[in-house]
Structures are given as C-alpha cells and as structure tokens.
Number of protein chains: 4
Amino acid sequence: MLHRTAFRQLARAAMVHPMNVLELTGTGLDSLTFTERASPALGARDLLVRVRAASLNYRDLAIARGEYGGYARPLVLGSDAAGEVVAVGSRVTRFAVGARVCPIDTPDWIAGAPDERTFEKRLGGPADGVFSELLCVSEDAAVATPAHLTDEEAACLAVAGVTAWQALFVLGQLCPGDVVVVQGTGGVSLFALQLARLAGAQVIALSRSATKLARMKDLGATHTVDTSATPAWDSEVLRLTHGRGADIVVDVAGGDALSRSITAARVSGLVVALGFLDGASSTLDLPAAIRRSVTVRTSSGRSRASFEALCRALTSGGVRPVIDRVFEFARAPEAFAHLATGAPFGKIVLRVGAEAR
Amino acid sequence: MLHRTAFRQLARAAMVHPMNVLELTGTGLDSLTFTERASPALGARDLLVRVRAASLNYRDLAIARGEYGGYARPLVLGSDAAGEVVAVGSRVTRFAVGARVCPIDTPDWIAGAPDERTFEKRLGGPADGVFSELLCVSEDAAVATPAHLTDEEAACLAVAGVTAWQALFVLGQLCPGDVVVVQGTGGVSLFALQLARLAGAQVIALSRSATKLARMKDLGATHTVDTSATPAWDSEVLRLTHGRGADIVVDVAGGDALSRSITAARVSGLVVALGFLDGASSTLDLPAAIRRSVTVRTSSGRSRASFEALCRALTSGGVRPVIDRVFEFARAPEAFAHLATGAPFGKIVLRVGAEAR
Amino acid sequence: MLHRTAFRQLARAAMVHPMNVLELTGTGLDSLTFTERASPALGARDLLVRVRAASLNYRDLAIARGEYGGYARPLVLGSDAAGEVVAVGSRVTRFAVGARVCPIDTPDWIAGAPDERTFEKRLGGPADGVFSELLCVSEDAAVATPAHLTDEEAACLAVAGVTAWQALFVLGQLCPGDVVVVQGTGGVSLFALQLARLAGAQVIALSRSATKLARMKDLGATHTVDTSATPAWDSEVLRLTHGRGADIVVDVAGGDALSRSITAARVSGLVVALGFLDGASSTLDLPAAIRRSVTVRTSSGRSRASFEALCRALTSGGVRPVIDRVFEFARAPEAFAHLATGAPFGKIVLRVGAEAR
Amino acid sequence: MLHRTAFRQLARAAMVHPMNVLELTGTGLDSLTFTERASPALGARDLLVRVRAASLNYRDLAIARGEYGGYARPLVLGSDAAGEVVAVGSRVTRFAVGARVCPIDTPDWIAGAPDERTFEKRLGGPADGVFSELLCVSEDAAVATPAHLTDEEAACLAVAGVTAWQALFVLGQLCPGDVVVVQGTGGVSLFALQLARLAGAQVIALSRSATKLARMKDLGATHTVDTSATPAWDSEVLRLTHGRGADIVVDVAGGDALSRSITAARVSGLVVALGFLDGASSTLDLPAAIRRSVTVRTSSGRSRASFEALCRALTSGGVRPVIDRVFEFARAPEAFAHLATGAPFGKIVLRVGAEAR
C-alpha cells in the first residue's frame, strides 16, 4: 500500500480524491477493514457525492458471512446512503452541486421490471457499495433526499424503505382496508408497517418479543401476535380476519415459516418473500398453496421510480424511518455485530465523515 | 289498474307482496309517479329485501330527463339502496333473514372486467331499480351493510361510493403520496376525496363555491382551487404539484373541461371520465394528450368485489358518507328537484317504508 | 335403494329425471360406483344439460385416491363436460333448448380474481360433478361450445384448457417471442404448448420419453429436452435461451422439480405451479428465487371469462384438443386406471349417454 | 460556416469526426438542409455508431411542418436508425466495436412507465436525431439489431415497430383470438397487423384503397373494410364481431374518427390513440364511451424493454418490416415529399453512408 501522503498527492494530480472505505477482504465480520482508495474518475453524467450517512442491511451481513452472493473480494459493502453532491460532470442536468441525494442501490434499474443484466452493477455486491466517504454515481442513479429527513434518516430508505414500498405497491397493490402481515422489527418490516398504515390498511405485526410488539402497536399496528406464545400465527391471522386471511404477507423470515405465510394469506392473496432470516430453504405445501390460489413473489434490488414514489409518500405523510442506533463510521464493525444480534428495532445507521464537516 | 284491496288479496294468494314503487312513465321529472306493484316471485337463490333507504344519483336524473339510456318505460329508477332481508329462497346460503344488505347495481358484475352482457340487468335502467319498498335480488347481487353505517348512509354506497373506489383503486392504482384531483361536491367527488385521503394521497379539490371548498378542506382536501377565480385550473394543478401534474383526475364534468383534466394529469397519468355534468361532448387535443402519454378511462356500473372492498375500507377507516339531505320516500320528486339544482354537498337520500317500521 | 322402475315413476311425477351417475363412495378407485339419482329441480335461471362427453383430470384421480380435497362422500366426480341443453328455467336468456354448452367448473367464478367463497360449489368436489347423464347448472355457469369442436373435444376444455389459458394469459401475460416451458404430456401441458404456439411464443417441451417428445415436436414445440438424459433441464433451458431463461414455466410436476422451474425462469419470470405429480411438497431455495426476482403463482378453479376467451382463441386458430383415448361412460373405471398409469398423451374422454342418441 | 477541409482538420485534432447531417432550420420541408457537423465527444459509456439506414416517421413530417413539438432549430430530425458500432467508451460493456445496433428513440426510457423527464432527450426533437452519418449514444440507449434483418429493415423498428408493440402488448394485453382494428397502411398500422397476426389475433384492416386492402389481406388481415364504401366502419366492425366489438383499436387517424374507434371497441375495450393524420382535435361522445367502459390510451416515445421484446418476437416469428421505398440519404427531401403524399404502404427508408462502404 502506498504511503498516505504520497497517495493523496498522486490522487490530487489525477483529479481524483482519496477516500476512506470499509472493505470486505474475505469471509466473516473480522475481514471488514478500513482502507484508503482513490475516488473513481467523474464521467460527464456522473455526480460525486460526499456520503453523510449510510445504513446496514441484513444483505450486507449475509454477504460478509459468506452466506449470500459469493461476490469477488475486496468488496466495499453497503447499498444505502445519503449525502451531498460535491461535483458534477459536464453534461449533468438532474442535480447541482450542493443537492442532497441518495444513491439508488441498483443503478441500472430506473423503472419497470428488471432483466438479466439489471443487477450487474448493484451497489454493495457485485459492485463496490456505499460504505465510503465519497461515491461517484450516474446522475440517473440518484434521487433527491426528502426535505423533512435528516441524512441519517434518508440513509435508511434505499433498501429497506424501497423494498417495503415495492412489496406493498409494486409487487402488491395495497388498498385501504386491506390486511398486511409483517414479521419482526427489522427495517423492511417497520417500513411496511408504517407505509401500510399510511395507505389506510390494517397491520398484523408478529414478533417473539412483547416489548417490541408494544412498540409496533405504538407505530400503528392494528393487531399484534406474540409468536412465542402463538407459534401457529397463521391460524391467528385467519381468526383476526374472520377467516378471510391477509391480503399481503411480507415474509422476511423464510424457512419453514413461509408455509405459514401461505396459509395466512387470503384466497388470491400475495406473499412477498424478501428474506431468509430463519432459513434459506423452505418447504412448500403445494396443495395448500393451490387451494388458496396464492402468489409468492420475490424481489432483488429496487427501481428509482419506486424510490421516488416512496419519497413522495414519506413527504406527504410526514413519515420518518425508525432508527435503532447510530454509529460513527469508524465503529462500523460494532454496528455489524449489533445487527448480527437480531435485536434491533429499526435501522442501524453509520454517520460518515462527520469529522470533515 | 286493479282496485288496491283486490290487488293485495291476489298478491297474498300468489305469495308475492304489494309494494309502492316510484315509476318513470315518460320523459321529465313530472313523469315520476308512485304506483303499486306486486313484488317479483322469489327464486331459490333470491333474497327479498325490505328497502329502508335509497339515494339519488345524477344518472337517475339524466334518465328521467331523457338525456341518457333511452330505456323502456315504465321504469323504476334508482341504483342505490340499503335494507333488510325479509325472506330467502330455498337454496340461499350467503344471507339469512334479518341481515342488513345493500343490492349491487349491476347484478351480473361480480368481479373482473365487464363484457357486452354485463349491463343488461342494471338496476334503474334497463332493469327496474330500487325506488321501491321491496326488492327481489339474487343472493349473489348483494353485499353486507357495514355495521358502523346507518341505512341512510349505506344507501349512498352502491353507485357513488363504488364508482369512486373503482376510479382510484381498480381503474387507477392509487398509492400514498399520489395526487388526486376531484371536481365539485357530488357524491362521487366527495367519496373520492375521502378515500384518497384514507389511502394517504393528496387531494386537490375544485369548486366554483368558496363555501363548498371550505367544507372540502374540512373533509381533508390538501389544496382547494376556486375555479370561478381560476378557470385555468389545470395550470394551477401543475403549479401545486411543482410541474409534475396529478396522478389521477376524477372527471365528472365532461364537456370541454376534459381537456383541462388531460393537461392537469402527470405524464403517464390517468383521467377517469365518469360524468358529463358540463356537457356530453368533449373536444380532445390529441397532440397534447399524446405528449403526456395520458390514459382516459371510463366506466359504467360497478362490481360486487369493488363494493366489498369499499366496505372493508370504510369499516377499517371509520369513514362515513357525506349526506346532503334526507327526504321521505313520498317526497322523492322534491329530492329530484333538489338534485337538479346542482347545489348539493354530498348525497341525497330517500327514507323508505318508515311508516311500516 | 329404490327399485329402478319405481324410482323412474316417482321422478317423472316430480318433473325430475332419473340419471346414471358415477359416485365416489369412499377412498380408492374401487369405490367408484354407478348409481341412479334424480336430476336436481330446475330453477328459474337454470339449464338442464344432457351430458354427451366428459373428461378426466388428475384432480379427479387425486380426490378418488384421497390425496386431495377431503370432500364428503358420496361425491360425483368430474369437472369437465360438454352436452346439449334439454330444458331451461323460466327466466333463462343466455341459452335456448338445443344449444351446445360446456359447464364451467367453478360456477361462481365469472371473471376477475376468486375470493374465499368462490370455490364452495366447485364441480367434482365439494359439489357433485359432471360424471352424470344430466346436469342442472345456472345459465351463468355455462359457455357455448365452439362450433368447430365435437363434444368429445369440447369436454376437454373446462379444466385443462382453461387452466393452460389462465397460466399463460391471466396469471402470465404471454407475448410473441416469449419462451414457455411445459412438462410432460398431460392435458394442461399440451394445451399450454398449443396455445403458446398460437400466441407466437417459443415452447421448450420436457418429457422422459423420446417418443412423446417427437409428438410434442409435431405439435409445434420449438425445442425438446429429454429429462431422463438431461435431468438438469433448468441448465438446458438457460442454454437454449442464451442465458436469459424462460418467461413462463408451467409446472405440473411440483416436488423438487419446482426448484428447477425457478432457476429455469428468467429474471422477473413466472412459474405457474399447477400440480404435484412428482410430489406435494417442494423444497424452495429462497436466495436463488430472490436473486432472480421470480414469481410463483398457483391457481385453483377457472373463470367463465377465461373459458370464453379460450373458446375464441381455439375457434380463431382452428385449434383442437389432443385426445389420448375415448372410453364409454360405463367403462369409466378403466379410464381412471389408464390415467393412473401416467402414460397418456393428452386427454382421456368419457362418451356419455351414447345409447340414448 | 467553416470551410469543409479546415473543419475536417479541426475535427481530427479534437478526436471527433465530421459528419453529414440533415438539419431542419425553420418550418416547412424546404428548410431541410444538409450540413456538416462534428460528432459529439464519446463519453465513457457511449457508443459511436455509423448509421447505415434511417427511416421516416409521420412525427418527423409533423415537426418539419411546424405542426408538432415546437422544438428549437436547427434540429436534426429522425428517431429511427440502424448502424454499426465503430468506437466505444472506456467503460462500455454491452456492445463491442462491430456490433450491429439500433438506437432507442427515447434514450432515458429503459423500462416501465415514463415520467415528466423521460422525453427530454428524445431523438429527433427536442434532441438531435438520427438523420446523420454518425451517432453518439449511451450504451444503455441501443439494442442489438435482429440478425435476420438488413439495416434498411432494422431502421424501421425503433418508432413504428415499437409503437405497435407497445399498443398491443404494453398498453394493451393482446391474447390469441382477440380482434384488432388497424387503420391505413403506415408503418405503425402494418406492424400492428403483422404483430397481431403473430400473436394469434384477428385483424380488421381499414383503408380507403381497395388495392391496399388486398395487400393487407396478403399480410394476413382477417377482414378488410373499404372505408370509402363503408364510412360507418364502426358498425361494420360490430357486425364482423357479432356485436362484441374489437378488443383493441389502433387509432392513427385521430380527428372525428376517434369516436368511431370508441364505438367499434368492445365493452371494456381499448383504443390506443397514436396519431392525428385526420385531425389534431377530436370530439368525444362521453355517454357513448361511458356506456362501453372504454379506455383511451396515448403514448409518446418507447422503452428499450419494448424494443427488445419486439426484436425477440420478430426473430422468433421470422417477421420482416414492410418497406415502401428506399431513398439514398442525399435524396431525403424527396423521401419527405413521398411521405407527405400519404400514399406509402409501409416504411420509407434512407440509405445512409453507402458511398463510404
């Protein structure tokens, strides 16, 4: 590795900028390492963004542990950030220097359905991600930060927020009066709770913790089910819905709970399978699914159109993301360890570059 | 015509019931006449419903005036009622005697899109409608009255309520943060306002009356536009939406205002053309519509699935229809005259059969 | 049981008709028994249909074996028939005596998506089905037989034909140039092959039999894959589609092959899971499904709107169902045994009431 | 203007290339002028494309005549081209030098629905178009030319082909057996005819010329209607469809014919309004549209996803565009004059840069 001073001199000459990044160099949380890199060269339609905050997702943890993706190392993790535009390419028209922006996590996904090439440049794997002081992104691959949110809050949106949006309003078509089931207290589930309530739907919240259920009730959950007391939560969902079942089940657990998601859904209902916290492999009871004409949809990545729609909704409704805890960037490994406990209620945020401000 | 006593005797023998109905015998409001008929014979899957309340729609007025439909006379008008099941056929399973129900206005439209035969038995034209003391409807052609609503309120749903529901959630796909434009203070527009707010959307309300705009603001309108002061309301919608335009314009005016609805809609936006209060003929600026990739959808009739979804939403949100005024059934012609003034704020309801209660 | 002559006399007096039906009285193919019943009473909107032909579906076999449904016995099986209207109720308008019709198998499903009550009267379980000389069905629950088809051919449509239609054009949205995978040579798969070709799509046909693959090639299959030689047929589908994958996989096998269906689908692709010939329980690799953003849809029952659309398509394209073999009604148990071999290429048809013609 | 030799020397020094373009400098066909420009600088993700063929669209004519768009001059017209990649930017991954490509006409529209910024860089207005020897386009804004097509044929796809595709399969959802109405013999209409036939639909073709109708019959039209003999062609469509009406009417005429398109559509049918050859202003009969629950959709621009789907369909079906006539680039003004006659049967193509080959 170059000596830091020499590196900074070289970088300045090349009109690129040195930046601190958090690299994953191998497998396991102890292979997360801070290092210095040069920022990428700014293309004619690119933005240089100074990252102010980033947030962790379960995907980052699964990649770090070697449980997902199998992407080449070293890899800068992170898909979820907010910052400020500090330089723009010569042909940029969408944003000006000083604009507050959030990068989209799948830069090639503007709108519509993805195809087989859409995910090739996904931030945080396979492409380098946002756990970095500076980012160079296409002007097409960023959205304006909602004015009512801090950077810490805005850094929660790109993955968890937009995933919840897509589950309810793109993969599903949620209407007022519909019933949504959310599982646990991770970012996606809490966003789904908040967005479903904003849309006039009812929410049945599941958790193994009575304390967390109480907090979900405060966030607007219509009903709560303690799954340690009531493991057959699918029957409870049917009971609470007078036998009809839920319109949308947002499943982040995977594993054998996916079967319960299917029996908890109404006839012609939707299960959005977004995660596998309880197991990567699910056993499906096909006759049960067929009898209920259920649809199971999965999704990887998110479109800019969905991100923009989410921002309009949050702004219109004055909704703010739920943050569990904010860590300084330098303490990112602790943040990962905290996520790994499975205990958080909401998002875990990294504050980036505070010393430079 | 039979002498009334003889008629009642005959009817009793045939196991049918005499009932008072409001018939349209010609063209114009003065051809609305009360007369006595025998209730239809109850089929194996039919319900006999004692009507408790019914409401007027602009469609009834347009048919009475000879401006719409051209249906054969005599015709019992009315598409919108609520009542109680007083007898059931031998194979009925969906409802029991005593159940509170609302008939659906298009008995053959259960779900999905209508086809060329769907409207053949539409209540209030071409088939006899609900301005009657008794109704005989298929058990498939009724929905359960939401428990939190009175019969007067429930009698507002079948047409205005379900039309607004279909405009926002079936023809359109309204999401939180979207912008909806509603015109005036008729039943459809006020339901659209209430439902859009329930769904977390923003509403721009148009009216020529400052007083009515104030009441729409009370109902939750985000912005109001006084179209007597601002006839170019499409420009105002663009201004209020920072140039983006409305996601859905619920157009009940028709006439040349339809062009404004199109320019007020966002690119890829939707205009739902539901009425023609301002004129049955519209001049369309095609290049303007094409430049904005706008969709114009119309709809006649409503499905039971939409009605049931509306009921779930109203129940979940505790929303009640806005009633302008309630008339006794015997004063129905006055109710028509009141509707014809164009002044109402909300629905005009007939209370039916009160003397029998 | 009544003596047959006495029964016929009684029936005549009651204006109902004696009819021979094939009842399932217990579990297993040897509990299929012919018996005589009285036809149901004809309601005002009902059709009395003399069945000319009916066809077997795997569902009938699964119910008979006690593997599906758990419906009360005795039960008349069968969902798939064609016949002639021999009497109509007093208010029938859709069909006249003499009309050739096919009953729809889910009488309450006219159009749109089903709800929790839609399947309550499904023919062949839970309600009595079509393996009967006479049927009484609502006029709303029948479609006109396509003129170019014989009754034997038309008796193949209601389940296998409409299921394939829904898979490709209702659950999916097949376009010309798309790629469809079909498995084996049952009724649904062969209809899917024929309909996909009619729609300008490419078809990859899978079978363990080279002979059957040759026949599928004759029916228009673009590519064939012998799965006994190439068990990893998902890789072969990816190879044949230059890495893109199939737009729609019509999965009738279930079991562990469902995982291959998911990896054979393109990003954002669709797997329609319609059966479980290879196993009722499937193990799902969730990360694999999520990475490809695949949707898995199931379906039970079929709508009249889909049936009518299928009829238009078959008529327009001059397409005829593929019939494996026709049995006389009296030899229905042999027909079931033939289906149970899994060997058929196309549909197995029962010719009903030929002696009466 | 620079002397040509000096210009070429300057251009070489700047690593850009001189190129002949057809500029619109004012209003009217006589303001179409050939001039020399420097090719734009190649960005890191750009392709430099040597244009081999381009085709004319009615849109080019309308802009030249000052009837549409009002874009700033000088403007290079043209949205529809095919050529060869002659240089690629440093980060290009989708195409290599030598690849045959077609630019998409709306470079920012990859998939999904457009928004208010999507059309800002549309080729041929407001941005410079393809009537040029060289083009510099983002690698994201091009598709691979179908191998079975010549460059002249491929130059017909981007506008007329993709517009027809979107009308039938994106705005509409065409199924086998559906009925499509096409008007006249322009590029969009003939593509719609060919694609609808490829999809197993029936086509009713309208024209004022018996000769052209005969050629449309040869292309596969199911029925033809001579609108000079039968001006009330909507009634004829209803007759030909046994009263049901057309599933999709592809309306390129606009003007008062739009009303006929609406009455020719089936209940719940679709009119795609794509042009205004017969008039920019249409009078709409709202009650008629409402009674039939018709949807009118318009569209401007086209997505890359649609273009790619079209290419797969053409390749799979071996379909080739219908070319009316090919002109050398230098004779482009004559080509415009030919288009203005309204007489062409299919596309008018410019052969570009032939002398350089």
# chains A, B, ... in the order shown; residues from 1 in each chain; ligands from 1
$ interface_residues --of "chain D" --to "chain A" --cutoff "8 Å" --atoms "only C-alpha atoms" --output "list of chain:residue names"
D:Gly43, D:Ala44, D:Ile110, D:Ala111, D:Gly112, D:Ala113
$ write_last_selection --atoms "C-alpha atoms" --output "short mmCIF file (atom, residue, chain, number, x, y, z; two decimals), in the first residue's frame"
data_model
loop_
_atom_site.label_atom_id
_atom_site.label_comp_id
_atom_site.auth_asym_id
_atom_site.auth_seq_id
_atom_site.Cartn_x
_atom_site.Cartn_y
_atom_site.Cartn_z
CA GLY D 43 -18.21 9.51 -23.11
CA ALA D 44 -17.04 6.57 -21.06
CA ILE D 110 -35.37 1.80 -20.35
CA ALA D 111 -38.50 0.11 -18.97
CA GLY D 112 -41.71 0.78 -17.10
CA ALA D 113 -43.80 3.92 -17.45
#
$ residues_around --residues "region 119-126 of chain D" --least-positions-apart "6" --cutoff "7 Å" --atoms "only C-alpha atoms" --output "short mmCIF file (atom, residue, chain, number, x, y, z; two decimals) with C-alpha atoms, in the first residue's frame"
data_model
loop_
_atom_site.label_atom_id
_atom_site.label_comp_id
_atom_site.auth_asym_id
_atom_site.auth_seq_id
_atom_site.Cartn_x
_atom_site.Cartn_y
_atom_site.Cartn_z
CA TYR D 71 -38.63 22.35 -30.85
CA LEU D 75 -32.72 20.35 -35.29
CA VAL D 76 -31.54 17.09 -36.77
CA LEU D 77 -34.73 15.08 -37.33
CA GLY D 78 -35.11 11.31 -37.25
CA SER D 79 -35.79 8.76 -34.48
CA ASP D 105 -35.59 6.88 -29.72
CA THR D 106 -36.15 7.90 -26.09
CA PRO D 107 -32.73 7.34 -24.55
#
$ atom_distance --atom1 "CA of Ala154 (chain B)" --atom2 "CA of Leu168 (chain A)"
29.3 Å
$ select_by_dssp --residues "region 250-341 of chain C" --states "alpha helix (DSSP H)" --output "number ranges by chain"
C: 257-264, 286-292, 304-317, 332-340
$ write_last_selection --atoms "N, CA and C atoms" --output "tab-separated table (two decimals), in the first residue's frame"
chain	number	residue	atom	x	y	z
C	257	ALA	N	-38.78	-30.68	-8.40
C	257	ALA	CA	-38.58	-30.05	-9.70
C	257	ALA	C	-38.96	-28.57	-9.67
C	258	LEU	N	-39.76	-28.18	-8.66
C	258	LEU	CA	-40.15	-26.76	-8.61
C	258	LEU	C	-38.92	-25.86	-8.50
C	259	SER	N	-37.88	-26.33	-7.83
C	259	SER	CA	-36.65	-25.54	-7.74
C	259	SER	C	-36.03	-25.35	-9.12
C	260	ARG	N	-36.08	-26.39	-9.93
C	260	ARG	CA	-35.55	-26.25	-11.30
C	260	ARG	C	-36.41	-25.27	-12.11
C	261	SER	N	-37.71	-25.29	-11.88
C	261	SER	CA	-38.56	-24.33	-12.59
C	261	SER	C	-38.14	-22.91	-12.27
C	262	ILE	N	-37.78	-22.68	-11.01
C	262	ILE	CA	-37.38	-21.34	-10.61
C	262	ILE	C	-36.05	-20.94	-11.24
C	263	THR	N	-35.10	-21.85	-11.26
C	263	THR	CA	-33.81	-21.46	-11.86
C	263	THR	C	-33.89	-21.44	-13.38
C	264	ALA	N	-34.90	-22.10	-13.96
C	264	ALA	CA	-35.07	-22.05	-15.42
C	264	ALA	C	-35.77	-20.78	-15.87
C	286	LEU	N	-34.64	-20.24	-1.35
C	286	LEU	CA	-35.10	-18.84	-1.34
C	286	LEU	C	-34.09	-17.86	-1.91
C	287	PRO	N	-32.78	-17.94	-1.53
C	287	PRO	CA	-31.84	-16.96	-2.11
C	287	PRO	C	-31.82	-17.05	-3.64
C	288	ALA	N	-31.93	-18.27	-4.18
C	288	ALA	CA	-31.94	-18.42	-5.64
C	288	ALA	C	-33.16	-17.73	-6.24
C	289	ALA	N	-34.32	-17.93	-5.60
C	289	ALA	CA	-35.54	-17.31	-6.11
C	289	ALA	C	-35.44	-15.78	-6.01
C	290	ILE	N	-34.91	-15.30	-4.89
C	290	ILE	CA	-34.81	-13.85	-4.68
C	290	ILE	C	-33.84	-13.24	-5.69
C	291	ARG	N	-32.70	-13.91	-5.91
C	291	ARG	CA	-31.73	-13.36	-6.87
C	291	ARG	C	-32.35	-13.19	-8.24
C	292	ARG	N	-33.29	-14.06	-8.62
C	292	ARG	CA	-33.91	-13.97	-9.95
C	292	ARG	C	-35.23	-13.22	-9.93
C	304	ARG	N	-65.27	-18.08	-15.93
C	304	ARG	CA	-66.00	-18.16	-17.20
C	304	ARG	C	-65.37	-17.25	-18.24
C	305	ALA	N	-64.92	-16.08	-17.83
C	305	ALA	CA	-64.29	-15.16	-18.78
C	305	ALA	C	-63.08	-15.82	-19.45
C	306	SER	N	-62.30	-16.56	-18.67
C	306	SER	CA	-61.15	-17.25	-19.27
C	306	SER	C	-61.61	-18.34	-20.22
C	307	PHE	N	-62.66	-19.04	-19.86
C	307	PHE	CA	-63.18	-20.11	-20.71
C	307	PHE	C	-63.64	-19.50	-22.05
C	308	GLU	N	-64.38	-18.41	-21.97
C	308	GLU	CA	-64.86	-17.77	-23.20
C	308	GLU	C	-63.70	-17.27	-24.06
C	309	ALA	N	-62.68	-16.73	-23.41
C	309	ALA	CA	-61.52	-16.26	-24.18
C	309	ALA	C	-60.82	-17.44	-24.84
C	310	LEU	N	-60.71	-18.55	-24.12
C	310	LEU	CA	-60.12	-19.75	-24.70
C	310	LEU	C	-60.91	-20.19	-25.93
C	311	CYS	N	-62.24	-20.19	-25.82
C	311	CYS	CA	-63.07	-20.62	-26.96
C	311	CYS	C	-62.84	-19.73	-28.17
C	312	ARG	N	-62.76	-18.41	-27.95
C	312	ARG	CA	-62.49	-17.51	-29.09
C	312	ARG	C	-61.15	-17.85	-29.72
C	313	ALA	N	-60.14	-18.11	-28.88
C	313	ALA	CA	-58.81	-18.39	-29.41
C	313	ALA	C	-58.78	-19.70	-30.19
C	314	LEU	N	-59.41	-20.73	-29.64
C	314	LEU	CA	-59.42	-22.02	-30.33
C	314	LEU	C	-60.15	-21.91	-31.66
C	315	THR	N	-61.28	-21.18	-31.64
C	315	THR	CA	-62.06	-21.01	-32.86
C	315	THR	C	-61.26	-20.23	-33.89
C	316	SER	N	-60.69	-19.13	-33.44
C	316	SER	CA	-59.92	-18.27	-34.35
C	316	SER	C	-58.74	-19.02	-34.95
C	317	GLY	N	-58.07	-19.84	-34.13
C	317	GLY	CA	-56.88	-20.53	-34.60
C	317	GLY	C	-57.17	-21.93	-35.14
C	332	ALA	N	-65.84	-46.13	-17.27
C	332	ALA	CA	-65.10	-45.06	-16.60
C	332	ALA	C	-63.99	-45.57	-15.67
C	333	PRO	N	-64.25	-46.66	-14.88
C	333	PRO	CA	-63.17	-47.14	-14.01
C	333	PRO	C	-61.90	-47.49	-14.80
C	334	GLU	N	-62.07	-48.06	-15.98
C	334	GLU	CA	-60.89	-48.34	-16.83
C	334	GLU	C	-60.19	-47.05	-17.23
C	335	ALA	N	-61.00	-46.04	-17.51
C	335	ALA	CA	-60.42	-44.75	-17.88
C	335	ALA	C	-59.58	-44.20	-16.74
C	336	PHE	N	-60.08	-44.30	-15.51
C	336	PHE	CA	-59.29	-43.86	-14.36
C	336	PHE	C	-57.99	-44.65	-14.26
C	337	ALA	N	-58.08	-45.96	-14.45
C	337	ALA	CA	-56.87	-46.78	-14.36
C	337	ALA	C	-55.87	-46.37	-15.44
C	338	HIS	N	-56.37	-46.02	-16.62
C	338	HIS	CA	-55.49	-45.60	-17.69
C	338	HIS	C	-54.79	-44.27	-17.32
C	339	LEU	N	-55.56	-43.34	-16.74
C	339	LEU	CA	-54.96	-42.07	-16.31
C	339	LEU	C	-53.88	-42.32	-15.26
C	340	ALA	N	-54.16	-43.29	-14.36
C	340	ALA	CA	-53.24	-43.55	-13.26
C	340	ALA	C	-51.89	-44.08	-13.73
$ closest_residue --among "B:Gly66, B:Gly83, B:Pro74, B:Gly184" --to "Val51 (chain B)" --atoms "only C-alpha atoms"
B:Gly83
